[in-house]
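Here the structure comes first, spelled out in structure tokens, and everything after it is commentary.
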Amino acid sequence: MNKLLIITAPSGAGKTTIMRHLLDRFDRLSFSISATTRNRRPHEVDGRDYYFISIDQFKQKIVEDAFVEWQEVYENQYYGTLKTEVERLWAQGKDIVFDIDVKGALNLKSAYPQQSLSIFVKPPSREALLERLSARRTETDESLRKRLARADEELAYENKFDIVIVNDILDNALQEAETVVSAFIND
Ligand code: ADP
Ligand code: 5GP
């Protein structure tokens with residue numbers, strides 16, 4: 001049975017870093033490329049990091065029932081998992097890794113309760129989160145503010161996930177993630 005590894009975290013907690021490590025480490029895992037209406041960051045590639053689409057296109061896909069799940073994560077910034085994406089990866093026999101927000105993660109987990117493991121990546125502190133987000137240099141002051149406000153909400157969801165990994169010392173967090181995921185996909 002194909003599995004779903006659902007990774008969620010407040011923005012800046014280190015989810016992408018941990019996910020990249022897992023994708024390198026385990027050949028059976030493949031990344032679910034989400035659709036989004038947010039602007040592409042300079043290093044991002046359309047069709048690799050996200051499918052970047054317009055708000056009109058996104059709304060059309062909602063009408064067509066094309067999403068497994070979707071959320072308006074930030075005002076006017078929509079993100080969603082396309083049914084075609086999940087089918088594409090399952091057709092390749094892959095276990096799928098999802099990088100999605102807390103609400104999307106809970107929805108996905110309840111859609112596939114037997115097949116999925118949900119991991120919440122937690123920053124060691126709010127200060128560390130702010131430092132990491134600022135150091136990443138991807139956000140304006142305004143989007144930094146929005147992301148921190150959202151992080152405060154998301155941190156309250158921590159106890160709803162199967163596993164919580166505190167990302168303080170990166171090497172320790174990577175090792176912990178590897179151990180948990182290895183047990184899950186080899187089960
Ligand atoms: P997310 O995907 O959760 O938004 P990222 O993986 O992009 O987070 O990490 C945010 C920033 O913090 C990146 O610049 C990353 O290199 C850095 N980072 C990740 N983990 C750690 C850690 N344990 N200690 C210090 N910096 C980290
Ligand atoms: P970012 O803009 O930093 O790439 O992502 C912002 C937030 O949107 C993160 O919490 C990320 O996990 C979430 N996200 C990305 N793709 C999806 C998706 O397909 N569905 C949902 N619900 N959230 C997503």
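Residue numbering restarts at 1 for every chain of the structure tokens, chains are lettered A, B, ... in their displayed order, and ligands are numbered from 1 as they appear.
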Discussion item. Please find the residues contacting ligand 1 at a distance of at most 7 Å between atoms, with only C-alpha atoms and all ligand atoms counted, and report them as a ChimeraX atom specification.
Written reply: /A:9-18,132-133,135-136,167-170
Discussion item. For A:Asp101, find every residue with an atom within 7 Å (counting only C-alpha atoms), except residues of its own chain fewer than 2 positions away, and show them as JSON, numbers by chain.
Written reply: {"A": [8, 9, 103, 104, 105]}
What are the nearest atom pairs, with distances in Å to one decimal, for all residues of chain A that come at most 9 Å from ligand 2, using only C-alpha atoms and all ligand atoms, set out by chain and rising residue number as JSON lines?
```
{"residue": "A:Ile7", "atom": "CA", "partner": "ligand 2", "partner_atom_place_in_ligand_line": "12 (O)", "distance": 7.6}
{"residue": "A:Thr8", "atom": "CA", "partner": "ligand 2", "partner_atom_place_in_ligand_line": "12 (O)", "distance": 5.7}
{"residue": "A:Ala9", "atom": "CA", "partner": "ligand 2", "partner_atom_place_in_ligand_line": "10 (O)", "distance": 6.2}
{"residue": "A:Pro10", "atom": "CA", "partner": "ligand 2", "partner_atom_place_in_ligand_line": "10 (O)", "distance": 6.0}
{"residue": "A:Ser11", "atom": "CA", "partner": "ligand 2", "partner_atom_place_in_ligand_line": "10 (O)", "distance": 5.5}
{"residue": "A:Gly12", "atom": "CA", "partner": "ligand 2", "partner_atom_place_in_ligand_line": "3 (O)", "distance": 7.6}
{"residue": "A:Lys15", "atom": "CA", "partner": "ligand 2", "partner_atom_place_in_ligand_line": "12 (O)", "distance": 8.0}
{"residue": "A:Thr16", "atom": "CA", "partner": "ligand 2", "partner_atom_place_in_ligand_line": "12 (O)", "distance": 8.6}
{"residue": "A:Ser32", "atom": "CA", "partner": "ligand 2", "partner_atom_place_in_ligand_line": "19 (O)", "distance": 8.0}
{"residue": "A:Ile33", "atom": "CA", "partner": "ligand 2", "partner_atom_place_in_ligand_line": "19 (O)", "distance": 7.4}
{"residue": "A:Ser34", "atom": "CA", "partner": "ligand 2", "partner_atom_place_in_ligand_line": "19 (O)", "distance": 4.3}
{"residue": "A:Ala35", "atom": "CA", "partner": "ligand 2", "partner_atom_place_in_ligand_line": "19 (O)", "distance": 6.1}
{"residue": "A:Thr36", "atom": "CA", "partner": "ligand 2", "partner_atom_place_in_ligand_line": "16 (N)", "distance": 6.9}
{"residue": "A:Arg38", "atom": "CA", "partner": "ligand 2", "partner_atom_place_in_ligand_line": "2 (O)", "distance": 6.8}
{"residue": "A:Asn39", "atom": "CA", "partner": "ligand 2", "partner_atom_place_in_ligand_line": "2 (O)", "distance": 8.6}
{"residue": "A:Arg40", "atom": "CA", "partner": "ligand 2", "partner_atom_place_in_ligand_line": "2 (O)", "distance": 8.9}
{"residue": "A:Arg41", "atom": "CA", "partner": "ligand 2", "partner_atom_place_in_ligand_line": "4 (O)", "distance": 9.0}
{"residue": "A:Asp49", "atom": "CA", "partner": "ligand 2", "partner_atom_place_in_ligand_line": "4 (O)", "distance": 8.4}
{"residue": "A:Tyr50", "atom": "CA", "partner": "ligand 2", "partner_atom_place_in_ligand_line": "16 (N)", "distance": 7.7}
{"residue": "A:Phe67", "atom": "CA", "partner": "ligand 2", "partner_atom_place_in_ligand_line": "19 (O)", "distance": 8.7}
{"residue": "A:Val68", "atom": "CA", "partner": "ligand 2", "partner_atom_place_in_ligand_line": "19 (O)", "distance": 8.7}
{"residue": "A:Glu69", "atom": "CA", "partner": "ligand 2", "partner_atom_place_in_ligand_line": "20 (N)", "distance": 6.3}
{"residue": "A:Trp70", "atom": "CA", "partner": "ligand 2", "partner_atom_place_in_ligand_line": "22 (N)", "distance": 4.9}
{"residue": "A:Gln71", "atom": "CA", "partner": "ligand 2", "partner_atom_place_in_ligand_line": "22 (N)", "distance": 4.6}
{"residue": "A:Glu72", "atom": "CA", "partner": "ligand 2", "partner_atom_place_in_ligand_line": "22 (N)", "distance": 7.6}
{"residue": "A:Val73", "atom": "CA", "partner": "ligand 2", "partner_atom_place_in_ligand_line": "8 (O)", "distance": 5.8}
{"residue": "A:Tyr74", "atom": "CA", "partner": "ligand 2", "partner_atom_place_in_ligand_line": "6 (C)", "distance": 7.9}
{"residue": "A:Gln77", "atom": "CA", "partner": "ligand 2", "partner_atom_place_in_ligand_line": "2 (O)", "distance": 8.3}
{"residue": "A:Tyr78", "atom": "CA", "partner": "ligand 2", "partner_atom_place_in_ligand_line": "21 (C)", "distance": 7.9}
{"residue": "A:Tyr79", "atom": "CA", "partner": "ligand 2", "partner_atom_place_in_ligand_line": "18 (C)", "distance": 4.4}
{"residue": "A:Gly80", "atom": "CA", "partner": "ligand 2", "partner_atom_place_in_ligand_line": "19 (O)", "distance": 3.4}
{"residue": "A:Thr81", "atom": "CA", "partner": "ligand 2", "partner_atom_place_in_ligand_line": "19 (O)", "distance": 4.0}
{"residue": "A:Leu82", "atom": "CA", "partner": "ligand 2", "partner_atom_place_in_ligand_line": "19 (O)", "distance": 7.5}
{"residue": "A:Phe98", "atom": "CA", "partner": "ligand 2", "partner_atom_place_in_ligand_line": "19 (O)", "distance": 7.5}
{"residue": "A:Asp99", "atom": "CA", "partner": "ligand 2", "partner_atom_place_in_ligand_line": "12 (O)", "distance": 4.5}
{"residue": "A:Ile100", "atom": "CA", "partner": "ligand 2", "partner_atom_place_in_ligand_line": "12 (O)", "distance": 3.2}
{"residue": "A:Asp101", "atom": "CA", "partner": "ligand 2", "partner_atom_place_in_ligand_line": "10 (O)", "distance": 3.8}
{"residue": "A:Val102", "atom": "CA", "partner": "ligand 2", "partner_atom_place_in_ligand_line": "10 (O)", "distance": 7.0}
{"residue": "A:Lys103", "atom": "CA", "partner": "ligand 2", "partner_atom_place_in_ligand_line": "22 (N)", "distance": 6.2}
{"residue": "A:Gly104", "atom": "CA", "partner": "ligand 2", "partner_atom_place_in_ligand_line": "22 (N)", "distance": 3.7}
{"residue": "A:Ala105", "atom": "CA", "partner": "ligand 2", "partner_atom_place_in_ligand_line": "22 (N)", "distance": 6.6}
{"residue": "A:Asn107", "atom": "CA", "partner": "ligand 2", "partner_atom_place_in_ligand_line": "22 (N)", "distance": 8.5}
{"residue": "A:Leu108", "atom": "CA", "partner": "ligand 2", "partner_atom_place_in_ligand_line": "22 (N)", "distance": 8.9}
{"residue": "A:Arg147", "atom": "CA", "partner": "ligand 2", "partner_atom_place_in_ligand_line": "6 (C)", "distance": 8.3}
{"residue": "A:Ala151", "atom": "CA", "partner": "ligand 2", "partner_atom_place_in_ligand_line": "10 (O)", "distance": 8.9}
{"residue": "A:Glu154", "atom": "CA", "partner": "ligand 2", "partner_atom_place_in_ligand_line": "10 (O)", "distance": 9.0}
```
Residues from the last selection, C-alpha atoms, saved as a CSV table (one decimal), in the first residue's frame:
```
chain,number,residue,atom,x,y,z
A,7,ILE,CA,5.0,17.2,7.2
A,8,THR,CA,3.7,20.4,8.6
A,9,ALA,CA,5.2,23.3,10.6
A,10,PRO,CA,5.0,27.0,11.1
A,11,SER,CA,6.8,28.8,8.3
A,12,GLY,CA,10.5,28.9,9.0
A,15,LYS,CA,10.3,21.7,7.3
A,16,THR,CA,11.7,22.1,3.8
A,32,SER,CA,3.9,16.2,-3.9
A,33,ILE,CA,4.1,19.4,-5.8
A,34,SER,CA,1.3,21.7,-4.7
A,35,ALA,CA,-0.5,24.3,-6.7
A,36,THR,CA,-0.2,27.9,-5.3
A,38,ARG,CA,1.7,33.0,-4.3
A,39,ASN,CA,4.6,34.6,-6.2
A,40,ARG,CA,7.5,32.4,-7.2
A,41,ARG,CA,10.7,33.0,-5.1
A,49,ASP,CA,8.7,23.4,-6.2
A,50,TYR,CA,5.1,24.4,-6.9
A,67,PHE,CA,-8.1,19.2,-5.2
A,68,VAL,CA,-7.6,16.5,-2.6
A,69,GLU,CA,-7.4,19.5,-0.2
A,70,TRP,CA,-6.8,23.2,-0.4
A,71,GLN,CA,-6.4,26.2,2.0
A,72,GLU,CA,-6.2,30.0,1.8
A,73,VAL,CA,-3.1,29.9,4.0
A,74,TYR,CA,-2.5,33.6,3.8
A,77,GLN,CA,-2.6,33.1,-1.2
A,78,TYR,CA,-4.1,29.7,-1.9
A,79,TYR,CA,-2.3,26.4,-1.8
A,80,GLY,CA,-3.7,23.0,-2.7
A,81,THR,CA,-2.9,19.4,-3.4
A,82,LEU,CA,-4.1,18.3,-6.8
A,98,PHE,CA,3.4,16.4,1.6
A,99,ASP,CA,4.6,19.8,2.8
A,100,ILE,CA,1.3,21.4,3.8
A,101,ASP,CA,-0.2,23.7,6.4
A,102,VAL,CA,-1.6,22.4,9.7
A,103,LYS,CA,-5.3,22.4,8.5
A,104,GLY,CA,-4.5,20.7,5.2
A,105,ALA,CA,-2.4,18.1,7.1
A,107,ASN,CA,-7.6,16.9,6.4
A,108,LEU,CA,-5.3,14.7,4.5
A,147,ARG,CA,3.9,34.4,8.8
A,151,ALA,CA,2.9,30.6,13.3
A,154,GLU,CA,-0.2,26.8,14.1
```
Practice prompt. Within 9 Å of A:Arg126, counting only C-alpha atoms, which residues show up once you throw out same-chain ones fewer than 4 positions away? Write them as a PyMOL selection string, please.
Written response: chain A and resi 130-131+148+151-152
Selection from above, N, CA, C and O atoms, as an mmCIF file, in the first residue's frame, can you write it?
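Written file, result_21.cif:
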```cif
data_model
loop_
_atom_site.group_PDB
_atom_site.id
_atom_site.type_symbol
_atom_site.label_atom_id
_atom_site.label_comp_id
_atom_site.auth_asym_id
_atom_site.auth_seq_id
_atom_site.Cartn_x
_atom_site.Cartn_y
_atom_site.Cartn_z
ATOM 1 N N LEU A 130 11.768 33.573 14.137
ATOM 2 C CA LEU A 130 11.946 34.907 13.547
ATOM 3 C C LEU A 130 13.335 35.024 12.927
ATOM 4 O O LEU A 130 13.491 35.492 11.792
ATOM 5 N N GLU A 131 14.351 34.553 13.657
ATOM 6 C CA GLU A 131 15.729 34.619 13.140
ATOM 7 C C GLU A 131 15.866 33.845 11.831
ATOM 8 O O GLU A 131 16.473 34.308 10.883
ATOM 9 N N LEU A 148 4.568 35.153 11.048
ATOM 10 C CA LEU A 148 4.722 34.972 12.502
ATOM 11 C C LEU A 148 3.366 34.889 13.193
ATOM 12 O O LEU A 148 3.170 34.076 14.100
ATOM 13 N N ALA A 151 2.116 31.560 12.574
ATOM 14 C CA ALA A 151 2.880 30.572 13.344
ATOM 15 C C ALA A 151 2.305 30.439 14.753
ATOM 16 O O ALA A 151 2.206 29.336 15.292
ATOM 17 N N ASP A 152 1.914 31.559 15.335
ATOM 18 C CA ASP A 152 1.340 31.499 16.686
ATOM 19 C C ASP A 152 0.093 30.628 16.697
ATOM 20 O O ASP A 152 -0.127 29.861 17.627
#
```
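Taking atom CA of A:Ile53 and atom CA of A:Thr37 as the two end points, the separation is 5.3 Å.
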Step one, run DSSP on the backbone; step two, keep only residues of chain A assigned to helix (DSSP H, G or I); then write them as a short mmCIF file (atom, residue, chain, number, x, y, z; two decimals) with N, CA and C atoms, in the first residue's frame.
```cif
data_model
loop_
_atom_site.label_atom_id
_atom_site.label_comp_id
_atom_site.auth_asym_id
_atom_site.auth_seq_id
_atom_site.Cartn_x
_atom_site.Cartn_y
_atom_site.Cartn_z
N LYS A 15 10.98 22.81 7.95
CA LYS A 15 10.29 21.70 7.29
C LYS A 15 10.91 21.36 5.93
N THR A 16 11.17 22.36 5.14
CA THR A 16 11.74 22.11 3.80
C THR A 16 13.11 21.47 3.91
N THR A 17 13.91 21.96 4.85
CA THR A 17 15.26 21.41 5.05
C THR A 17 15.18 19.93 5.43
N ILE A 18 14.29 19.61 6.33
CA ILE A 18 14.16 18.22 6.79
C ILE A 18 13.60 17.34 5.66
N MET A 19 12.64 17.89 4.94
CA MET A 19 12.03 17.12 3.85
C MET A 19 13.04 16.80 2.75
N ARG A 20 13.87 17.78 2.41
CA ARG A 20 14.89 17.54 1.37
C ARG A 20 15.81 16.42 1.78
N HIS A 21 16.17 16.42 3.06
CA HIS A 21 17.05 15.36 3.57
C HIS A 21 16.38 13.99 3.42
N LEU A 22 15.11 13.92 3.77
CA LEU A 22 14.40 12.64 3.69
C LEU A 22 14.28 12.18 2.24
N LEU A 23 14.04 13.13 1.34
CA LEU A 23 13.90 12.78 -0.09
C LEU A 23 15.24 12.25 -0.65
N ASP A 24 16.35 12.81 -0.16
CA ASP A 24 17.67 12.33 -0.58
C ASP A 24 17.94 10.93 -0.03
N ARG A 25 17.49 10.74 1.17
CA ARG A 25 17.83 9.51 1.91
C ARG A 25 16.99 8.31 1.46
N ILE A 55 -4.96 33.23 -9.36
CA ILE A 55 -6.10 33.02 -8.45
C ILE A 55 -7.31 32.52 -9.26
N ASP A 56 -7.50 33.07 -10.46
CA ASP A 56 -8.63 32.61 -11.29
C ASP A 56 -8.50 31.13 -11.63
N GLN A 57 -7.30 30.73 -12.00
CA GLN A 57 -7.08 29.30 -12.33
C GLN A 57 -7.33 28.43 -11.10
N PHE A 58 -6.88 28.93 -9.94
CA PHE A 58 -7.05 28.14 -8.71
C PHE A 58 -8.54 27.98 -8.41
N LYS A 59 -9.27 29.09 -8.54
CA LYS A 59 -10.71 29.03 -8.22
C LYS A 59 -11.45 28.11 -9.19
N GLN A 60 -11.00 28.11 -10.44
CA GLN A 60 -11.60 27.21 -11.44
C GLN A 60 -11.38 25.75 -11.02
N LYS A 61 -10.19 25.47 -10.51
CA LYS A 61 -9.89 24.09 -10.09
C LYS A 61 -10.72 23.69 -8.86
N ILE A 62 -11.01 24.65 -8.01
CA ILE A 62 -11.89 24.35 -6.86
C ILE A 62 -13.27 23.94 -7.40
N VAL A 63 -13.76 24.71 -8.37
CA VAL A 63 -15.07 24.41 -8.96
C VAL A 63 -15.07 23.03 -9.61
N LYS A 83 -5.50 16.34 -7.15
CA LYS A 83 -5.75 14.90 -7.26
C LYS A 83 -4.82 14.29 -8.30
N THR A 84 -4.61 15.01 -9.40
CA THR A 84 -3.75 14.48 -10.48
C THR A 84 -2.32 14.25 -10.00
N GLU A 85 -1.88 15.07 -9.04
CA GLU A 85 -0.52 14.95 -8.52
C GLU A 85 -0.37 13.65 -7.70
N VAL A 86 -1.35 13.40 -6.84
CA VAL A 86 -1.32 12.18 -6.02
C VAL A 86 -1.39 10.95 -6.94
N GLU A 87 -2.26 11.02 -7.94
CA GLU A 87 -2.39 9.88 -8.88
C GLU A 87 -1.09 9.67 -9.65
N ARG A 88 -0.46 10.77 -10.07
CA ARG A 88 0.80 10.67 -10.83
C ARG A 88 1.86 9.91 -10.00
N LEU A 89 1.98 10.26 -8.73
CA LEU A 89 3.03 9.65 -7.90
C LEU A 89 2.68 8.22 -7.50
N TRP A 90 1.42 7.97 -7.25
CA TRP A 90 1.02 6.61 -6.92
C TRP A 90 1.20 5.69 -8.12
N ALA A 91 0.96 6.22 -9.32
CA ALA A 91 1.15 5.41 -10.54
C ALA A 91 2.62 4.99 -10.66
N VAL A 102 -1.07 23.24 8.65
CA VAL A 102 -1.64 22.37 9.68
C VAL A 102 -3.06 21.89 9.34
N LYS A 103 -3.87 22.78 8.80
CA LYS A 103 -5.26 22.37 8.51
C LYS A 103 -5.31 21.37 7.37
N GLY A 104 -4.54 21.65 6.30
CA GLY A 104 -4.46 20.72 5.18
C GLY A 104 -3.94 19.36 5.65
N ALA A 105 -2.97 19.39 6.56
CA ALA A 105 -2.37 18.14 7.07
C ALA A 105 -3.42 17.32 7.81
N LEU A 106 -4.23 17.97 8.61
CA LEU A 106 -5.25 17.23 9.35
C LEU A 106 -6.30 16.66 8.40
N ASN A 107 -6.66 17.43 7.37
CA ASN A 107 -7.64 16.94 6.40
C ASN A 107 -7.12 15.73 5.64
N LEU A 108 -5.86 15.81 5.25
CA LEU A 108 -5.26 14.71 4.50
C LEU A 108 -5.16 13.46 5.38
N LYS A 109 -4.77 13.69 6.62
CA LYS A 109 -4.66 12.55 7.56
C LYS A 109 -6.03 11.89 7.74
N SER A 110 -7.09 12.68 7.81
CA SER A 110 -8.39 12.01 8.01
C SER A 110 -8.91 11.39 6.72
N ALA A 111 -8.43 11.86 5.56
CA ALA A 111 -8.83 11.21 4.31
C ALA A 111 -8.13 9.85 4.14
N ARG A 126 10.04 31.00 19.53
CA ARG A 126 9.51 31.99 18.59
C ARG A 126 10.66 32.87 18.05
N GLU A 127 11.63 33.14 18.93
CA GLU A 127 12.78 33.98 18.53
C GLU A 127 13.58 33.27 17.44
N ALA A 128 13.77 31.96 17.62
CA ALA A 128 14.52 31.20 16.61
C ALA A 128 13.78 31.23 15.28
N LEU A 129 12.47 31.14 15.35
CA LEU A 129 11.66 31.16 14.13
C LEU A 129 11.85 32.49 13.39
N LEU A 130 11.77 33.57 14.14
CA LEU A 130 11.95 34.91 13.55
C LEU A 130 13.34 35.02 12.93
N GLU A 131 14.35 34.55 13.66
CA GLU A 131 15.73 34.62 13.14
C GLU A 131 15.87 33.84 11.83
N ARG A 132 15.30 32.64 11.81
CA ARG A 132 15.44 31.79 10.61
C ARG A 132 14.71 32.39 9.42
N LEU A 133 13.53 32.88 9.69
CA LEU A 133 12.75 33.47 8.59
C LEU A 133 13.46 34.70 8.04
N SER A 134 14.02 35.51 8.94
CA SER A 134 14.71 36.73 8.49
C SER A 134 15.97 36.34 7.72
N ALA A 135 16.72 35.35 8.25
CA ALA A 135 17.98 34.95 7.61
C ALA A 135 17.74 34.34 6.24
N ARG A 136 16.56 33.74 6.03
CA ARG A 136 16.28 33.12 4.73
C ARG A 136 16.11 34.18 3.64
N ASP A 141 8.85 42.68 5.08
CA ASP A 141 8.45 42.89 6.48
C ASP A 141 7.00 42.47 6.68
N GLU A 142 6.17 42.80 5.69
CA GLU A 142 4.74 42.50 5.80
C GLU A 142 4.50 40.97 5.81
N SER A 143 5.15 40.26 4.91
CA SER A 143 4.87 38.82 4.87
C SER A 143 5.52 38.11 6.07
N LEU A 144 6.61 38.69 6.57
CA LEU A 144 7.23 38.15 7.79
C LEU A 144 6.25 38.28 8.95
N ARG A 145 5.61 39.42 9.03
CA ARG A 145 4.64 39.67 10.11
C ARG A 145 3.48 38.68 10.01
N LYS A 146 2.98 38.49 8.78
CA LYS A 146 1.86 37.56 8.57
C LYS A 146 2.24 36.14 8.94
N ARG A 147 3.46 35.76 8.57
CA ARG A 147 3.90 34.38 8.83
C ARG A 147 4.07 34.13 10.33
N LEU A 148 4.57 35.15 11.05
CA LEU A 148 4.72 34.97 12.50
C LEU A 148 3.37 34.89 13.19
N ALA A 149 2.42 35.70 12.74
CA ALA A 149 1.08 35.66 13.33
C ALA A 149 0.46 34.29 13.09
N ARG A 150 0.63 33.80 11.88
CA ARG A 150 0.11 32.48 11.54
C ARG A 150 0.81 31.37 12.36
N ALA A 151 2.12 31.56 12.57
CA ALA A 151 2.88 30.57 13.34
C ALA A 151 2.31 30.44 14.75
N ASP A 152 1.91 31.56 15.34
CA ASP A 152 1.34 31.50 16.69
C ASP A 152 0.09 30.63 16.70
N GLU A 153 -0.72 30.74 15.66
CA GLU A 153 -1.93 29.89 15.57
C GLU A 153 -1.53 28.43 15.37
N GLU A 154 -0.57 28.21 14.48
CA GLU A 154 -0.21 26.84 14.11
C GLU A 154 0.42 26.07 15.27
N LEU A 155 1.16 26.79 16.11
CA LEU A 155 1.83 26.10 17.23
C LEU A 155 0.81 25.47 18.17
N GLU A 158 0.02 21.57 17.65
CA GLU A 158 1.09 20.58 17.82
C GLU A 158 0.61 19.19 18.26
N ASN A 159 -0.31 19.16 19.24
CA ASN A 159 -0.69 17.84 19.81
C ASN A 159 -1.65 17.05 18.93
N LYS A 160 -1.97 17.56 17.74
CA LYS A 160 -2.88 16.83 16.86
C LYS A 160 -2.15 15.91 15.87
N LEU A 170 20.14 21.07 14.03
CA LEU A 170 19.64 20.47 12.78
C LEU A 170 20.01 18.99 12.64
N ASP A 171 21.27 18.64 12.92
CA ASP A 171 21.68 17.24 12.73
C ASP A 171 20.84 16.28 13.57
N ASN A 172 20.50 16.70 14.77
CA ASN A 172 19.67 15.83 15.63
C ASN A 172 18.28 15.67 15.04
N ALA A 173 17.73 16.77 14.55
CA ALA A 173 16.38 16.71 13.97
C ALA A 173 16.36 15.83 12.73
N LEU A 174 17.42 15.93 11.91
CA LEU A 174 17.49 15.10 10.69
C LEU A 174 17.56 13.63 11.06
N GLN A 175 18.37 13.33 12.08
CA GLN A 175 18.51 11.93 12.51
C GLN A 175 17.18 11.39 13.04
N GLU A 176 16.52 12.20 13.83
CA GLU A 176 15.24 11.77 14.40
C GLU A 176 14.22 11.53 13.29
N ALA A 177 14.18 12.44 12.33
CA ALA A 177 13.23 12.30 11.22
C ALA A 177 13.52 11.03 10.44
N GLU A 178 14.80 10.79 10.20
CA GLU A 178 15.20 9.60 9.44
C GLU A 178 14.76 8.32 10.15
N THR A 179 14.95 8.27 11.45
CA THR A 179 14.58 7.07 12.22
C THR A 179 13.08 6.82 12.15
N VAL A 180 12.31 7.86 12.36
CA VAL A 180 10.85 7.74 12.36
C VAL A 180 10.34 7.34 10.98
N VAL A 181 10.86 7.97 9.95
CA VAL A 181 10.37 7.72 8.59
C VAL A 181 10.80 6.34 8.10
N SER A 182 12.00 5.93 8.46
CA SER A 182 12.45 4.60 8.07
C SER A 182 11.51 3.54 8.65
N ALA A 183 11.15 3.69 9.92
CA ALA A 183 10.24 2.72 10.55
C ALA A 183 8.88 2.75 9.85
N PHE A 184 8.43 3.93 9.49
CA PHE A 184 7.10 4.07 8.86
C PHE A 184 7.07 3.44 7.47
N ILE A 185 8.04 3.75 6.63
CA ILE A 185 7.93 3.25 5.26
C ILE A 185 8.32 1.78 5.14
#
```
